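*Asks:* File input-v3.cif follows (mmCIF, C-alpha atoms):
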```cif
data_query
#
loop_
_atom_site.label_atom_id
_atom_site.label_comp_id
_atom_site.auth_asym_id
_atom_site.auth_seq_id
_atom_site.Cartn_x
_atom_site.Cartn_y
_atom_site.Cartn_z
CA MET A 214 34.87 -6.48 -20.90
CA ALA A 215 37.90 -5.76 -18.76
CA HIS A 216 38.48 -2.44 -17.11
CA GLU A 217 41.89 -0.91 -16.45
CA TYR A 218 42.55 0.88 -13.18
CA GLY A 219 44.08 4.23 -14.01
CA THR A 220 44.50 5.86 -17.38
CA LEU A 221 47.14 5.87 -20.07
CA ALA A 222 47.66 9.60 -19.44
CA ALA A 223 48.26 9.01 -15.72
CA LEU A 224 50.72 6.22 -16.50
CA ARG A 225 52.61 8.45 -18.94
CA GLU A 226 52.84 11.11 -16.24
CA LYS A 227 54.05 8.62 -13.61
CA LEU A 228 56.80 7.48 -15.98
CA GLY A 229 57.81 11.06 -16.78
CA LEU A 230 56.83 10.76 -20.44
CA GLU A 231 55.53 13.64 -22.50
CA PRO A 232 51.70 13.72 -22.62
CA THR A 233 51.79 13.84 -26.42
CA ASP A 234 54.27 10.93 -26.80
CA THR A 235 52.12 8.07 -28.04
CA SER A 236 55.02 5.99 -29.42
CA ARG A 237 54.95 3.65 -26.40
CA ASP A 238 51.17 3.36 -26.04
CA THR A 239 51.01 -0.30 -27.07
CA LEU A 240 53.48 -1.31 -24.34
CA LEU A 241 51.91 1.02 -21.78
CA THR A 242 48.39 -0.26 -22.50
CA SER A 243 49.57 -3.84 -22.15
CA ALA A 244 51.32 -3.07 -18.85
CA LEU A 245 48.24 -1.28 -17.47
CA ALA A 246 45.95 -4.17 -18.42
CA ALA A 247 48.31 -6.75 -16.90
CA ALA A 248 48.67 -4.73 -13.69
CA SER A 249 44.90 -4.35 -13.39
CA ARG A 250 44.23 -8.07 -13.88
CA SER A 251 46.99 -9.00 -11.42
CA ILE A 252 45.27 -6.85 -8.79
CA ASP A 253 41.97 -8.61 -9.54
CA ARG A 254 43.63 -12.01 -9.07
CA ALA A 255 45.50 -11.00 -5.90
CA THR A 256 42.41 -9.52 -4.22
CA GLY A 257 39.82 -11.98 -5.50
CA ARG A 258 37.55 -9.19 -6.72
CA ARG A 259 37.21 -6.49 -9.36
CA PHE A 260 36.77 -2.79 -8.77
CA TRP A 261 34.44 -1.54 -11.49
CA LEU A 262 30.66 -1.49 -11.74
CA ASP A 263 28.69 -3.42 -14.35
CA ASP A 264 26.82 -1.21 -16.84
CA THR A 265 23.63 -3.24 -16.50
CA ALA A 266 22.11 -5.61 -13.97
CA ASN A 267 22.67 -9.31 -14.50
CA ALA A 268 21.81 -12.47 -12.58
CA ARG A 269 24.13 -14.70 -10.57
CA VAL A 270 23.07 -17.87 -8.82
CA PHE A 271 24.42 -18.81 -5.38
CA ARG A 272 24.08 -22.09 -3.50
CA THR A 273 22.97 -21.11 -0.01
CA ALA A 274 24.87 -23.97 1.67
CA GLY A 275 28.08 -22.58 3.13
CA ARG A 276 27.13 -18.97 2.34
CA ILE A 277 24.77 -18.28 5.24
CA VAL A 278 25.81 -16.41 8.39
CA ARG A 279 23.34 -16.44 11.29
CA GLU A 280 22.73 -13.00 12.79
CA PRO A 281 20.35 -12.02 15.62
CA ASP A 282 17.97 -10.33 13.18
CA GLY A 283 18.08 -12.99 10.42
CA ASP A 284 20.28 -14.94 8.05
CA VAL A 285 22.86 -13.22 5.86
CA LEU A 286 23.63 -14.65 2.43
CA LEU A 287 27.22 -13.79 1.50
CA VAL A 288 27.37 -12.62 -2.12
CA ASP A 289 29.86 -11.18 -4.59
CA ASP A 290 30.47 -7.42 -4.45
CA ILE A 291 27.34 -5.39 -5.26
CA GLY A 292 27.92 -1.78 -6.32
CA ASN A 293 24.38 -0.54 -7.03
CA VAL A 294 21.00 -1.78 -5.76
CA ASP A 295 18.67 0.22 -8.01
CA ASP A 296 17.74 -2.91 -10.02
CA LEU A 297 18.07 -5.47 -7.19
CA VAL A 298 15.91 -8.59 -7.56
CA VAL A 299 16.39 -11.53 -5.18
CA GLU A 300 14.77 -14.91 -5.84
CA THR A 301 15.02 -18.40 -4.39
CA GLY A 302 14.35 -21.69 -6.12
CA SER A 303 16.05 -23.77 -8.75
CA GLY A 304 16.97 -23.65 -12.42
CA THR A 305 13.35 -23.93 -13.57
CA SER A 306 11.31 -22.23 -10.87
CA TRP A 307 12.15 -19.01 -9.03
CA THR A 308 10.18 -17.04 -6.44
CA GLU A 309 10.93 -13.36 -5.86
CA LEU A 310 11.60 -12.39 -2.24
CA ALA A 311 10.58 -9.22 -0.44
CA GLY A 312 12.13 -7.75 2.69
CA VAL A 313 15.77 -8.37 1.81
CA GLU A 314 18.23 -5.86 3.32
CA SER A 315 21.78 -5.13 2.20
CA LEU A 316 24.85 -5.35 4.43
CA PRO A 317 27.05 -3.86 5.63
CA ASP A 318 24.93 -0.88 6.55
CA ASN A 319 25.85 2.28 4.60
CA ALA A 320 28.34 0.37 2.43
CA LEU A 321 27.51 2.21 -0.80
CA ALA A 322 27.47 5.59 0.96
CA ASP A 323 30.98 4.80 2.23
CA GLY A 324 32.21 3.84 -1.26
CA ARG A 325 32.33 0.12 -0.40
CA PRO A 326 30.35 -2.73 -1.95
CA ILE A 327 27.47 -4.63 -0.42
CA THR A 328 28.67 -8.14 0.43
CA GLY A 329 25.68 -9.66 2.20
CA LEU A 330 21.89 -9.85 1.92
CA LEU A 331 19.92 -10.14 5.17
CA ARG A 332 16.58 -11.95 5.29
CA ALA A 333 14.65 -12.18 8.56
CA GLY A 334 12.78 -15.35 7.55
CA GLY A 335 15.92 -17.24 6.52
CA TRP A 336 16.98 -18.45 3.09
CA GLY A 337 15.90 -22.06 3.28
CA THR A 338 17.93 -24.53 1.31
CA GLY A 339 18.83 -24.59 -2.32
CA ARG A 340 19.78 -21.60 -4.38
CA ALA A 341 19.34 -17.87 -4.53
CA ARG A 342 19.37 -15.87 -7.76
CA VAL A 343 20.43 -12.25 -7.39
CA THR A 344 20.03 -9.78 -10.23
CA VAL A 345 21.88 -6.51 -9.69
CA ARG A 346 24.80 -4.39 -10.94
CA TRP A 347 27.87 -6.22 -9.65
CA GLY A 348 31.19 -4.63 -8.71
CA TRP A 349 32.26 -1.60 -6.74
CA PRO A 350 30.34 1.70 -6.65
CA ALA A 351 33.55 3.52 -7.62
CA GLU A 352 37.16 2.56 -8.24
CA PRO A 353 39.12 3.06 -4.99
CA GLN A 354 42.02 5.51 -5.28
CA ASP A 355 44.37 2.99 -3.62
CA ILE A 356 43.60 0.47 -6.37
CA THR A 357 44.23 3.05 -9.09
CA GLU A 358 47.58 4.01 -7.55
CA ALA A 359 48.62 0.37 -7.07
CA SER A 360 47.80 -0.34 -10.71
CA LEU A 361 49.84 2.61 -11.94
CA ILE A 362 52.84 1.61 -9.79
CA GLN A 363 52.64 -1.99 -10.99
CA ALA A 364 52.15 -0.94 -14.62
CA SER A 365 55.23 1.31 -14.36
CA ARG A 366 57.19 -1.62 -12.98
CA LEU A 367 55.97 -3.94 -15.76
CA TYR A 368 56.79 -1.37 -18.43
CA LYS A 369 60.33 -0.93 -17.08
CA ARG A 370 60.76 -4.71 -16.90
CA LYS A 371 61.79 -4.68 -20.56
CA ASP A 372 65.03 -3.00 -19.36
CA SER A 373 65.74 -5.61 -16.68
CA PRO A 374 66.50 -8.96 -18.28
CA GLU A 375 66.20 -11.92 -15.91
CA GLY A 376 64.83 -9.56 -13.22
CA ILE A 377 68.18 -7.84 -12.69
CA ILE A 378 68.54 -4.07 -12.70
CA GLY A 379 71.62 -1.99 -12.32
CA SER A 380 72.85 1.56 -11.96
CA ALA A 381 76.21 3.27 -11.59
CA GLU A 382 75.30 4.37 -8.05
CA TRP A 383 73.78 1.17 -6.62
CA GLY A 384 75.34 -1.55 -8.69
CA VAL A 385 73.45 -4.64 -9.78
CA ARG A 386 70.49 -5.99 -7.80
CA ASN A 387 67.53 -8.33 -8.26
CA LEU A 388 63.99 -7.05 -8.45
CA SER A 389 61.85 -8.07 -5.49
CA ARG A 390 59.08 -10.58 -6.19
CA ARG A 391 56.36 -8.24 -4.90
CA ASP A 392 56.40 -4.49 -4.85
CA PRO A 393 55.87 -3.55 -1.18
CA ASP A 394 54.00 -0.35 -2.06
CA VAL A 395 51.57 -2.18 -4.35
CA TRP A 396 50.99 -4.83 -1.70
CA ALA A 397 50.39 -2.22 1.03
CA LEU A 398 47.81 -0.47 -1.17
CA ILE A 399 45.84 -3.60 -2.16
CA GLU A 400 46.09 -5.60 1.08
CA PRO A 401 43.01 -4.04 2.75
CA PHE A 402 40.91 -5.09 -0.27
CA ILE A 403 41.89 -8.78 -0.34
CA LEU A 404 39.02 -11.19 0.21
CA PRO A 405 39.69 -13.82 2.87
CA GLY A 406 41.24 -16.89 1.25
CA PHE A 407 43.05 -14.87 -1.47
CA GLY A 408 46.49 -13.29 -1.61
#
```
Using the file provided, produce a representation of the structure as structure tokens.
*Replies:*
Amino acid sequence: MAHEYGTLAALREKLGLEPTDTSRDTLLTSALAAASRSIDRATGRRFWLDDTANARVFRTAGRIVREPDGDVLLVDDIGNVDDLVVETGSGTSWTELAGVESLPDNALADGRPITGLLRAGGWGTGRARVTVRWGWPAEPQDITEASLIQASRLYKRKDSPEGIIGSAEWGVRNLSRRDPDVWALIEPFILPGFG
């Protein structure tokens, strides 16, 4: 299930619409969903937390970083470790591991996700299965704001055929490919290799 960043009420307010005006809700909802998914694609991640823990399997080759106190397995964003189970093995046989630490230190306390799992004894070769609640511990305010700005822009796009907008004061001009404010807000969240 997809999750939109921001609310319909916040988008109405940003556009200067009356809170009780629901006549444009279909277009606004569509714009908010498209803006949210475009942020996911641009950053290479998503910013909501799964409701329940589920398993993902990672090949350890190419995902291990050697640290002085052990090997770190780089994983997708983890937003809650209450149900964390880490196993190694293959599709038919898995062995649960003990003594796995999360990195970076204090990530969840700082409102950031865990992105690595440290194991002093190493990970061996093969695969690791991690069962946990994936995502971010909380939606970052910058992501919410970027989504609302982009959704406003997408909603107004219906009034700018061929990407051209005009006004009596400024004349006619083309819309920029990327909104600089949206990009500035999401840039710190982009995973290396995306964007």
*Asks:* Take the PyMOL selection byres ((chain A and resi 270) around 7), run it mentally on this structure, and tell me the resulting residues as a list in words.
*Replies:*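 Selection result, ordered by chain and number: Ala268, Arg269, Phe271, Arg272, Arg340, Ala341, Arg342 and Val343 of chain A.
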*Asks:* Which one is closest to A:Leu221: A:Asp318, A:Thr344, A:Ala246, A:Trp396? Count only C-alpha atoms.
*Replies:*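 Under the stated criterion, the closest residue is A:Ala246.
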*Asks:* Report the residues retrieved by the PyMOL selection byres ((chain A and resi 255) around 10) from the displayed file, expressed as a PDB file with C-alpha atoms, in the frame of the given file.
*Replies:*
```
ATOM      1  CA  ARG A 250      44.230  -8.070 -13.880  1.00  0.00           C
ATOM      2  CA  SER A 251      46.990  -9.000 -11.420  1.00  0.00           C
ATOM      3  CA  ILE A 252      45.270  -6.850  -8.790  1.00  0.00           C
ATOM      4  CA  ASP A 253      41.970  -8.610  -9.540  1.00  0.00           C
ATOM      5  CA  ARG A 254      43.630 -12.010  -9.070  1.00  0.00           C
ATOM      6  CA  THR A 256      42.410  -9.520  -4.220  1.00  0.00           C
ATOM      7  CA  GLY A 257      39.820 -11.980  -5.500  1.00  0.00           C
ATOM      8  CA  ARG A 258      37.550  -9.190  -6.720  1.00  0.00           C
ATOM      9  CA  TRP A 396      50.990  -4.830  -1.700  1.00  0.00           C
ATOM     10  CA  ILE A 399      45.840  -3.600  -2.160  1.00  0.00           C
ATOM     11  CA  GLU A 400      46.090  -5.600   1.080  1.00  0.00           C
ATOM     12  CA  PHE A 402      40.910  -5.090  -0.270  1.00  0.00           C
ATOM     13  CA  ILE A 403      41.890  -8.780  -0.340  1.00  0.00           C
ATOM     14  CA  LEU A 404      39.020 -11.190   0.210  1.00  0.00           C
ATOM     15  CA  PHE A 407      43.050 -14.870  -1.470  1.00  0.00           C
ATOM     16  CA  GLY A 408      46.490 -13.290  -1.610  1.00  0.00           C
TER      17      GLY A 408
END
```
*Asks:* Apply the PyMOL selection byres ((chain A and resi 320-336) around 7) to the file shown and report the selected residues as an MDAnalysis selection string.
*Replies:* chainID A and resid 282:292 312:319 337:338 349:351
*Asks:* From the list A:Ile356, A:Trp347, A:Leu241, A:His216, which residue is nearest A:Asp295 when using all atoms listed in the file?
*Replies:*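 Of A:Ile356, A:Trp347, A:Leu241, A:His216, the one nearest A:Asp295, counting all atoms listed in the file, is A:Trp347.
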*Asks:* Could you name the residues that touch A:Ser249 at 10 Å or less, counting all atoms listed in the file, but leaving out those on the same chain fewer than 6 positions away, as a PyMOL selection string?
*Replies:* chain A and resi 215-219+243+259-260+356-357+359-361+363-364
*Asks:* Distance atom CA of A:Ala223-atom CA of A:Thr239, one decimal place?
*Replies:*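 Interatomic distance, atom CA of A:Ala223 to atom CA of A:Thr239: 14.9 Å.
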*Asks:* For A:Glu358, which residue among A:Ala311, A:Leu245, A:Leu240, A:Val345 is the nearest when counting only C-alpha atoms?
*Replies:*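 Residue with the minimum atom-to-atom distance to A:Glu358: A:Leu245.
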*Asks:* Can you put N, CA and C atoms back into stretch 218-254 of chain A and show it as a PDB file, keeping the file's coordinate frame?
*Replies:*
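Now in part35.pdb:
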```pdb
ATOM      1  N   TYR A 218      42.534  -0.054 -14.305  1.00  0.00           N
ATOM      2  CA  TYR A 218      42.550   0.880 -13.180  1.00  0.00           C
ATOM      3  C   TYR A 218      43.611   1.930 -13.485  1.00  0.00           C
ATOM      4  N   GLY A 219      43.175   3.159 -13.606  1.00  0.00           N
ATOM      5  CA  GLY A 219      44.080   4.230 -14.010  1.00  0.00           C
ATOM      6  C   GLY A 219      43.941   4.464 -15.504  1.00  0.00           C
ATOM      7  N   THR A 220      44.592   5.505 -15.968  1.00  0.00           N
ATOM      8  CA  THR A 220      44.500   5.860 -17.380  1.00  0.00           C
ATOM      9  C   THR A 220      45.888   5.869 -18.018  1.00  0.00           C
ATOM     10  N   LEU A 221      45.882   5.797 -19.318  1.00  0.00           N
ATOM     11  CA  LEU A 221      47.140   5.870 -20.070  1.00  0.00           C
ATOM     12  C   LEU A 221      47.838   7.200 -19.799  1.00  0.00           C
ATOM     13  N   ALA A 222      47.070   8.282 -19.718  1.00  0.00           N
ATOM     14  CA  ALA A 222      47.660   9.600 -19.440  1.00  0.00           C
ATOM     15  C   ALA A 222      48.321   9.630 -18.062  1.00  0.00           C
ATOM     16  N   ALA A 223      47.676   9.044 -17.067  1.00  0.00           N
ATOM     17  CA  ALA A 223      48.260   9.010 -15.720  1.00  0.00           C
ATOM     18  C   ALA A 223      49.523   8.158 -15.691  1.00  0.00           C
ATOM     19  N   LEU A 224      49.532   7.070 -16.443  1.00  0.00           N
ATOM     20  CA  LEU A 224      50.720   6.220 -16.500  1.00  0.00           C
ATOM     21  C   LEU A 224      51.872   6.946 -17.193  1.00  0.00           C
ATOM     22  N   ARG A 225      51.574   7.648 -18.277  1.00  0.00           N
ATOM     23  CA  ARG A 225      52.610   8.450 -18.940  1.00  0.00           C
ATOM     24  C   ARG A 225      53.225   9.445 -17.967  1.00  0.00           C
ATOM     25  N   GLU A 226      52.356  10.113 -17.204  1.00  0.00           N
ATOM     26  CA  GLU A 226      52.840  11.110 -16.240  1.00  0.00           C
ATOM     27  C   GLU A 226      53.704  10.457 -15.164  1.00  0.00           C
ATOM     28  N   LYS A 227      53.288   9.317 -14.647  1.00  0.00           N
ATOM     29  CA  LYS A 227      54.050   8.620 -13.610  1.00  0.00           C
ATOM     30  C   LYS A 227      55.435   8.214 -14.117  1.00  0.00           C
ATOM     31  N   LEU A 228      55.525   7.878 -15.392  1.00  0.00           N
ATOM     32  CA  LEU A 228      56.800   7.480 -15.980  1.00  0.00           C
ATOM     33  C   LEU A 228      57.637   8.672 -16.455  1.00  0.00           C
ATOM     34  N   GLY A 229      57.087   9.873 -16.355  1.00  0.00           N
ATOM     35  CA  GLY A 229      57.810  11.060 -16.780  1.00  0.00           C
ATOM     36  C   GLY A 229      57.859  11.227 -18.295  1.00  0.00           C
ATOM     37  N   LEU A 230      56.893  10.648 -18.982  1.00  0.00           N
ATOM     38  CA  LEU A 230      56.830  10.760 -20.440  1.00  0.00           C
ATOM     39  C   LEU A 230      56.010  11.989 -20.827  1.00  0.00           C
ATOM     40  N   GLU A 231      56.287  12.505 -21.991  1.00  0.00           N
ATOM     41  CA  GLU A 231      55.530  13.640 -22.500  1.00  0.00           C
ATOM     42  C   GLU A 231      54.077  13.225 -22.753  1.00  0.00           C
ATOM     43  N   PRO A 232      53.110  14.072 -22.402  1.00  0.00           N
ATOM     44  CA  PRO A 232      51.700  13.720 -22.620  1.00  0.00           C
ATOM     45  C   PRO A 232      51.352  13.423 -24.067  1.00  0.00           C
ATOM     46  N   THR A 233      52.083  14.030 -25.000  1.00  0.00           N
ATOM     47  CA  THR A 233      51.790  13.840 -26.420  1.00  0.00           C
ATOM     48  C   THR A 233      52.568  12.686 -27.049  1.00  0.00           C
ATOM     49  N   ASP A 234      53.462  12.054 -26.282  1.00  0.00           N
ATOM     50  CA  ASP A 234      54.270  10.930 -26.800  1.00  0.00           C
ATOM     51  C   ASP A 234      53.428   9.661 -26.781  1.00  0.00           C
ATOM     52  N   THR A 235      52.946   9.271 -27.940  1.00  0.00           N
ATOM     53  CA  THR A 235      52.120   8.070 -28.040  1.00  0.00           C
ATOM     54  C   THR A 235      52.902   6.884 -28.615  1.00  0.00           C
ATOM     55  N   SER A 236      54.206   7.032 -28.784  1.00  0.00           N
ATOM     56  CA  SER A 236      55.020   5.990 -29.420  1.00  0.00           C
ATOM     57  C   SER A 236      55.101   4.716 -28.581  1.00  0.00           C
ATOM     58  N   ARG A 237      54.860   4.819 -27.284  1.00  0.00           N
ATOM     59  CA  ARG A 237      54.950   3.650 -26.400  1.00  0.00           C
ATOM     60  C   ARG A 237      53.576   3.144 -25.940  1.00  0.00           C
ATOM     61  N   ASP A 238      52.522   3.668 -26.527  1.00  0.00           N
ATOM     62  CA  ASP A 238      51.170   3.360 -26.040  1.00  0.00           C
ATOM     63  C   ASP A 238      50.822   1.875 -26.058  1.00  0.00           C
ATOM     64  N   THR A 239      51.310   1.135 -27.028  1.00  0.00           N
ATOM     65  CA  THR A 239      51.010  -0.300 -27.070  1.00  0.00           C
ATOM     66  C   THR A 239      51.591  -0.994 -25.841  1.00  0.00           C
ATOM     67  N   LEU A 240      52.847  -0.710 -25.521  1.00  0.00           N
ATOM     68  CA  LEU A 240      53.480  -1.310 -24.340  1.00  0.00           C
ATOM     69  C   LEU A 240      52.837  -0.822 -23.047  1.00  0.00           C
ATOM     70  N   LEU A 241      52.519   0.457 -22.989  1.00  0.00           N
ATOM     71  CA  LEU A 241      51.910   1.020 -21.780  1.00  0.00           C
ATOM     72  C   LEU A 241      50.510   0.442 -21.546  1.00  0.00           C
ATOM     73  N   THR A 242      49.735   0.312 -22.612  1.00  0.00           N
ATOM     74  CA  THR A 242      48.390  -0.260 -22.500  1.00  0.00           C
ATOM     75  C   THR A 242      48.458  -1.698 -22.024  1.00  0.00           C
ATOM     76  N   SER A 243      49.381  -2.448 -22.563  1.00  0.00           N
ATOM     77  CA  SER A 243      49.570  -3.840 -22.150  1.00  0.00           C
ATOM     78  C   SER A 243      49.966  -3.928 -20.678  1.00  0.00           C
ATOM     79  N   ALA A 244      50.880  -3.072 -20.251  1.00  0.00           N
ATOM     80  CA  ALA A 244      51.320  -3.070 -18.850  1.00  0.00           C
ATOM     81  C   ALA A 244      50.179  -2.687 -17.917  1.00  0.00           C
ATOM     82  N   LEU A 245      49.373  -1.714 -18.302  1.00  0.00           N
ATOM     83  CA  LEU A 245      48.240  -1.280 -17.470  1.00  0.00           C
ATOM     84  C   LEU A 245      47.187  -2.382 -17.355  1.00  0.00           C
ATOM     85  N   ALA A 246      46.911  -3.064 -18.455  1.00  0.00           N
ATOM     86  CA  ALA A 246      45.950  -4.170 -18.420  1.00  0.00           C
ATOM     87  C   ALA A 246      46.464  -5.310 -17.556  1.00  0.00           C
ATOM     88  N   ALA A 247      47.732  -5.663 -17.701  1.00  0.00           N
ATOM     89  CA  ALA A 247      48.310  -6.750 -16.900  1.00  0.00           C
ATOM     90  C   ALA A 247      48.324  -6.391 -15.415  1.00  0.00           C
ATOM     91  N   ALA A 248      48.664  -5.161 -15.095  1.00  0.00           N
ATOM     92  CA  ALA A 248      48.670  -4.730 -13.690  1.00  0.00           C
ATOM     93  C   ALA A 248      47.262  -4.781 -13.107  1.00  0.00           C
ATOM     94  N   SER A 249      46.286  -4.342 -13.864  1.00  0.00           N
ATOM     95  CA  SER A 249      44.900  -4.350 -13.390  1.00  0.00           C
ATOM     96  C   SER A 249      44.410  -5.766 -13.135  1.00  0.00           C
ATOM     97  N   ARG A 250      44.681  -6.684 -14.062  1.00  0.00           N
ATOM     98  CA  ARG A 250      44.230  -8.070 -13.880  1.00  0.00           C
ATOM     99  C   ARG A 250      44.986  -8.751 -12.739  1.00  0.00           C
ATOM    100  N   SER A 251      46.247  -8.397 -12.526  1.00  0.00           N
ATOM    101  CA  SER A 251      46.990  -9.000 -11.420  1.00  0.00           C
ATOM    102  C   SER A 251      46.416  -8.553 -10.077  1.00  0.00           C
ATOM    103  N   ILE A 252      45.923  -7.332 -10.010  1.00  0.00           N
ATOM    104  CA  ILE A 252      45.270  -6.850  -8.790  1.00  0.00           C
ATOM    105  C   ILE A 252      43.954  -7.601  -8.577  1.00  0.00           C
ATOM    106  N   ASP A 253      43.210  -7.818  -9.649  1.00  0.00           N
ATOM    107  CA  ASP A 253      41.970  -8.610  -9.540  1.00  0.00           C
ATOM    108  C   ASP A 253      42.271  -9.994  -8.980  1.00  0.00           C
ATOM    109  N   ARG A 254      43.297 -10.648  -9.524  1.00  0.00           N
ATOM    110  CA  ARG A 254      43.630 -12.010  -9.070  1.00  0.00           C
ATOM    111  C   ARG A 254      44.120 -12.007  -7.624  1.00  0.00           C
TER     112      ARG A 254
END
```
